[in-house]
Structure formats: C-alpha cells, structure tokens
$ cat data-v6.txt   # compact mmCIF, N, CA and C atoms
# COMPACT_ATOMS: atom_id res chain seq x y z
N MET A 1 193.39 -62.42 131.95
CA MET A 1 192.65 -63.03 133.03
C MET A 1 193.34 -64.35 133.38
N MET A 2 193.33 -64.66 134.67
CA MET A 2 194.02 -65.85 135.15
C MET A 2 193.05 -66.69 135.98
N GLU A 3 193.08 -67.98 135.82
CA GLU A 3 192.24 -68.88 136.60
C GLU A 3 192.96 -69.23 137.89
N VAL A 4 192.23 -69.17 139.00
CA VAL A 4 192.77 -69.53 140.31
C VAL A 4 191.89 -70.63 140.87
N VAL A 5 192.53 -71.69 141.39
CA VAL A 5 191.80 -72.82 141.96
C VAL A 5 191.82 -72.70 143.48
N LEU A 6 190.65 -72.81 144.10
CA LEU A 6 190.56 -72.79 145.55
C LEU A 6 191.00 -74.15 146.10
N ARG A 7 191.75 -74.12 147.21
CA ARG A 7 192.26 -75.36 147.81
C ARG A 7 191.97 -75.37 149.30
N LYS A 8 191.81 -76.57 149.85
CA LYS A 8 191.65 -76.72 151.29
C LYS A 8 193.01 -76.61 151.94
N TYR A 9 193.06 -75.90 153.08
CA TYR A 9 194.28 -75.78 153.87
C TYR A 9 193.83 -75.83 155.32
N GLY A 10 193.88 -77.02 155.91
CA GLY A 10 193.33 -77.21 157.25
C GLY A 10 191.82 -77.02 157.19
N ASN A 11 191.29 -76.16 158.04
CA ASN A 11 189.85 -75.89 158.05
C ASN A 11 189.49 -74.71 157.15
N SER A 12 190.46 -74.16 156.46
CA SER A 12 190.22 -72.99 155.61
C SER A 12 190.28 -73.36 154.14
N THR A 13 189.79 -72.46 153.32
CA THR A 13 189.92 -72.58 151.87
C THR A 13 190.76 -71.41 151.41
N VAL A 14 191.77 -71.67 150.60
CA VAL A 14 192.70 -70.62 150.18
C VAL A 14 192.72 -70.49 148.67
N ALA A 15 193.06 -69.28 148.21
CA ALA A 15 193.30 -69.03 146.80
C ALA A 15 194.79 -68.72 146.68
N VAL A 16 195.48 -69.46 145.85
CA VAL A 16 196.92 -69.28 145.68
C VAL A 16 197.15 -68.23 144.59
N LEU A 17 197.90 -67.19 144.94
CA LEU A 17 198.22 -66.13 143.98
C LEU A 17 199.62 -66.39 143.44
N PRO A 18 199.76 -66.47 142.13
CA PRO A 18 201.07 -66.73 141.53
C PRO A 18 202.06 -65.60 141.83
N PRO A 19 203.35 -65.92 141.88
CA PRO A 19 204.38 -64.91 142.17
C PRO A 19 204.31 -63.70 141.24
N ALA A 20 203.99 -63.89 139.98
CA ALA A 20 203.93 -62.77 139.04
C ALA A 20 202.84 -61.77 139.45
N VAL A 21 201.71 -62.28 139.93
CA VAL A 21 200.61 -61.41 140.37
C VAL A 21 201.04 -60.64 141.61
N LEU A 22 201.66 -61.33 142.56
CA LEU A 22 202.13 -60.67 143.78
C LEU A 22 203.12 -59.56 143.44
N LYS A 23 204.02 -59.84 142.50
CA LYS A 23 205.01 -58.84 142.11
C LYS A 23 204.35 -57.64 141.47
N ASP A 24 203.40 -57.87 140.56
CA ASP A 24 202.70 -56.78 139.87
C ASP A 24 201.95 -55.88 140.86
N LEU A 25 201.41 -56.48 141.92
CA LEU A 25 200.62 -55.74 142.90
C LEU A 25 201.46 -55.21 144.06
N GLY A 26 202.73 -55.60 144.11
CA GLY A 26 203.60 -55.17 145.20
C GLY A 26 203.22 -55.80 146.52
N LEU A 27 202.79 -57.05 146.48
CA LEU A 27 202.36 -57.76 147.67
C LEU A 27 203.38 -58.82 148.06
N ALA A 28 203.29 -59.27 149.32
CA ALA A 28 204.18 -60.32 149.80
C ALA A 28 203.42 -61.21 150.77
N ALA A 29 203.90 -62.43 150.93
CA ALA A 29 203.29 -63.36 151.88
C ALA A 29 203.36 -62.77 153.29
N GLY A 30 202.29 -62.91 154.05
CA GLY A 30 202.24 -62.41 155.41
C GLY A 30 201.72 -60.99 155.53
N GLN A 31 201.48 -60.33 154.40
CA GLN A 31 200.99 -58.94 154.41
C GLN A 31 199.51 -58.93 154.76
N ALA A 32 199.10 -58.00 155.63
CA ALA A 32 197.69 -57.88 156.02
C ALA A 32 196.90 -57.23 154.90
N MET A 33 195.74 -57.81 154.58
CA MET A 33 194.88 -57.31 153.52
C MET A 33 193.44 -57.27 154.03
N THR A 34 192.59 -56.52 153.35
CA THR A 34 191.15 -56.57 153.62
C THR A 34 190.47 -57.22 152.42
N LEU A 35 189.41 -57.95 152.68
CA LEU A 35 188.68 -58.66 151.64
C LEU A 35 187.21 -58.29 151.74
N ASP A 36 186.62 -57.94 150.61
CA ASP A 36 185.21 -57.54 150.57
C ASP A 36 184.64 -57.98 149.24
N THR A 37 183.34 -57.85 149.08
CA THR A 37 182.70 -58.11 147.80
C THR A 37 181.90 -56.87 147.42
N ASN A 38 181.70 -56.69 146.13
CA ASN A 38 180.88 -55.56 145.68
C ASN A 38 179.54 -56.07 145.18
N GLU A 39 178.69 -55.16 144.72
CA GLU A 39 177.33 -55.52 144.29
C GLU A 39 177.32 -56.46 143.09
N GLN A 40 178.39 -56.46 142.30
CA GLN A 40 178.46 -57.34 141.13
C GLN A 40 178.99 -58.73 141.50
N GLY A 41 179.24 -58.98 142.78
CA GLY A 41 179.74 -60.28 143.22
C GLY A 41 181.24 -60.45 143.04
N GLN A 42 181.94 -59.36 142.76
CA GLN A 42 183.39 -59.43 142.60
C GLN A 42 184.08 -59.32 143.95
N ILE A 43 185.21 -59.97 144.07
CA ILE A 43 186.01 -59.89 145.28
C ILE A 43 186.93 -58.68 145.17
N VAL A 44 186.97 -57.89 146.23
CA VAL A 44 187.83 -56.71 146.28
C VAL A 44 188.87 -56.95 147.37
N LEU A 45 190.11 -57.03 146.97
CA LEU A 45 191.23 -57.27 147.88
C LEU A 45 192.08 -56.01 147.92
N ALA A 46 192.33 -55.49 149.11
CA ALA A 46 193.09 -54.24 149.23
C ALA A 46 194.07 -54.33 150.39
N ARG A 47 195.14 -53.55 150.28
CA ARG A 47 196.09 -53.47 151.39
C ARG A 47 195.37 -52.94 152.62
N LYS A 48 195.71 -53.48 153.78
CA LYS A 48 195.12 -53.00 155.02
C LYS A 48 195.63 -51.58 155.27
N ARG A 49 194.70 -50.68 155.50
CA ARG A 49 195.05 -49.26 155.66
C ARG A 49 195.60 -49.00 157.05
N LYS A 50 196.65 -48.20 157.13
CA LYS A 50 197.19 -47.77 158.41
C LYS A 50 196.63 -46.39 158.70
N TYR A 51 196.01 -46.25 159.85
CA TYR A 51 195.39 -44.98 160.21
C TYR A 51 196.33 -44.16 161.08
N LEU A 52 196.30 -42.86 160.89
CA LEU A 52 197.01 -41.93 161.74
C LEU A 52 195.98 -41.25 162.64
N LEU A 53 196.35 -41.00 163.88
CA LEU A 53 195.42 -40.38 164.82
C LEU A 53 194.91 -39.05 164.28
N ALA A 54 195.77 -38.27 163.67
CA ALA A 54 195.35 -36.97 163.13
C ALA A 54 194.27 -37.14 162.06
N ASP A 55 194.38 -38.18 161.23
CA ASP A 55 193.37 -38.43 160.19
C ASP A 55 192.03 -38.82 160.81
N LEU A 56 192.06 -39.63 161.86
CA LEU A 56 190.82 -40.05 162.52
C LEU A 56 190.15 -38.87 163.22
N ILE A 57 190.95 -38.04 163.89
CA ILE A 57 190.40 -36.87 164.57
C ILE A 57 189.80 -35.89 163.57
N ALA A 58 190.42 -35.77 162.40
CA ALA A 58 189.92 -34.85 161.37
C ALA A 58 188.53 -35.25 160.89
N GLN A 59 188.16 -36.52 161.03
CA GLN A 59 186.85 -37.00 160.60
C GLN A 59 185.76 -36.73 161.64
N CYS A 60 186.16 -36.35 162.85
CA CYS A 60 185.20 -36.15 163.94
C CYS A 60 184.50 -34.81 163.81
N ASP A 61 183.24 -34.78 164.22
CA ASP A 61 182.48 -33.55 164.28
C ASP A 61 182.61 -32.99 165.69
N ARG A 62 183.42 -31.97 165.84
CA ARG A 62 183.70 -31.43 167.18
C ARG A 62 182.48 -30.73 167.78
N LYS A 63 181.48 -30.44 166.96
CA LYS A 63 180.27 -29.76 167.45
C LYS A 63 179.18 -30.77 167.82
N ALA A 64 179.42 -32.05 167.60
CA ALA A 64 178.42 -33.08 167.90
C ALA A 64 178.28 -33.24 169.41
N ALA A 65 177.07 -33.52 169.86
CA ALA A 65 176.82 -33.77 171.28
C ALA A 65 177.50 -35.07 171.69
N PRO A 66 177.96 -35.16 172.93
CA PRO A 66 178.58 -36.41 173.39
C PRO A 66 177.53 -37.51 173.48
N PRO A 67 177.95 -38.77 173.37
CA PRO A 67 176.99 -39.87 173.50
C PRO A 67 176.31 -39.82 174.87
N ALA A 68 175.08 -40.31 174.94
CA ALA A 68 174.30 -40.26 176.18
C ALA A 68 175.01 -40.96 177.33
N ASP A 69 175.64 -42.10 177.08
CA ASP A 69 176.30 -42.81 178.17
C ASP A 69 177.50 -42.04 178.71
N LEU A 70 178.20 -41.31 177.86
CA LEU A 70 179.34 -40.51 178.31
C LEU A 70 178.86 -39.31 179.11
N ALA A 71 177.76 -38.69 178.69
CA ALA A 71 177.20 -37.56 179.42
C ALA A 71 176.74 -38.02 180.81
N ALA A 72 176.12 -39.19 180.90
CA ALA A 72 175.68 -39.73 182.19
C ALA A 72 176.88 -40.02 183.08
N TRP A 73 177.96 -40.51 182.51
CA TRP A 73 179.17 -40.80 183.28
C TRP A 73 179.75 -39.51 183.85
N ASP A 74 179.81 -38.47 183.03
CA ASP A 74 180.35 -37.19 183.48
C ASP A 74 179.50 -36.57 184.59
N ALA A 75 178.19 -36.79 184.54
CA ALA A 75 177.28 -36.19 185.52
C ALA A 75 177.22 -36.97 186.83
N SER A 76 177.72 -38.20 186.85
CA SER A 76 177.62 -39.02 188.06
C SER A 76 178.72 -38.66 189.05
N GLY A 77 178.46 -38.96 190.30
CA GLY A 77 179.44 -38.71 191.37
C GLY A 77 180.00 -40.02 191.89
N PRO A 78 180.90 -39.95 192.85
CA PRO A 78 181.47 -41.17 193.41
C PRO A 78 180.40 -42.01 194.12
N VAL A 79 180.52 -43.33 194.07
CA VAL A 79 179.56 -44.21 194.71
C VAL A 79 180.21 -45.13 195.74
N GLY A 80 181.51 -45.06 195.87
CA GLY A 80 182.22 -45.94 196.81
C GLY A 80 183.37 -45.21 197.46
N GLN A 81 184.52 -45.81 197.41
CA GLN A 81 185.72 -45.25 198.05
C GLN A 81 186.64 -44.53 197.08
N GLU A 82 186.08 -44.07 195.95
CA GLU A 82 186.90 -43.39 194.97
C GLU A 82 187.48 -42.11 195.55
N VAL A 83 188.68 -41.78 195.10
CA VAL A 83 189.30 -40.53 195.53
C VAL A 83 189.24 -39.57 194.34
N TRP A 84 188.59 -38.40 194.52
CA TRP A 84 188.44 -37.45 193.43
C TRP A 84 189.30 -36.28 193.66
$ encode --input "data-v6.txt" --output "structure tokens"
Amino acid sequence: MMEVVLRKYGNSTVAVLPPAVLKDLGLAAGQAMTLDTNEQGQIVLARKRKYLLADLIAQCDRKAAPPADLAAWDASGPVGQEVW
C-alpha cells in the first residue's frame, strides 16, 4: 500500500501517481481515464474505453419500438418550404 498526498493545482486538487505505479499499470501522463467510486467508498480508476460502432449496435434491441418523439417526427409532413 502506498500513501498519496492530495495537492492543489490551480483550482483543482490532484493526486500524484509515482512513476513505478504508472509503469505497473501501463499508464502515461495525458492518458484519458474514468474515475468513479464504489459502495465501499473506494476510488475506481480505469482506462477510458474506446467503443466500436458494431459493439454499440449489438447492444440495441432491434425489436424495440422507436421513441415517441422519433415516431412523431416520421409521421409529420412539411410545414414550410422544405423540398421532399
């Protein structure tokens, strides 16, 4: 276990991670991360996930009804000088 001291940096508070920790985790300065807490009050730091369109589409329910606002949009007709 390692003690980390929080420091002020401008208007923010930062936790400095020692180089050995960064190396062990395969992290580098400037890398995007997500930060969350769990029910035990622990901080969970994870690499920011890169999504692929195919993965996002695979999560969709293709049998689900469209949202009400989209259905209303599809049912509406032109109201001005639109060319259809």
$ atom_distance --input "data-v6.txt" --atom1 "atom CA of Lys48 of chain A" --atom2 "atom CA of Gln31 of chain A"
8.4 Å
$ atom_distance --input "data-v6.txt" --atom1 "atom C of Leu25 of chain A" --atom2 "atom CA of Thr13 of chain A"
22.3 Å
$ select_by_dssp --input "data-v6.txt" --residues "chain A" --states "alpha helix (DSSP H)" --output "list in words"
Pro19, Ala20, Val21, Leu22, Lys23, Asp24, Leu25, Leu53, Ala54, Asp55, Leu56, Ile57, Ala58, Ala68, Asp69, Leu70, Ala71, Ala72, Trp73, Asp74 and Ala75 of chain A
$ select_by_dssp --input "data-v6.txt" --residues "segment 7-44 of chain A" --states "strand (DSSP E or B)" --output "list in words"
Arg7, Lys8, Tyr9, Ser12, Thr13, Val14, Ala15, Met33, Thr34, Leu35, Asp36, Thr37, Ile43 and Val44 of chain A
$ atom_distance --input "data-v6.txt" --atom1 "atom CA of Trp73 of chain A" --atom2 "atom CA of Cys60 of chain A"
20.8 Å
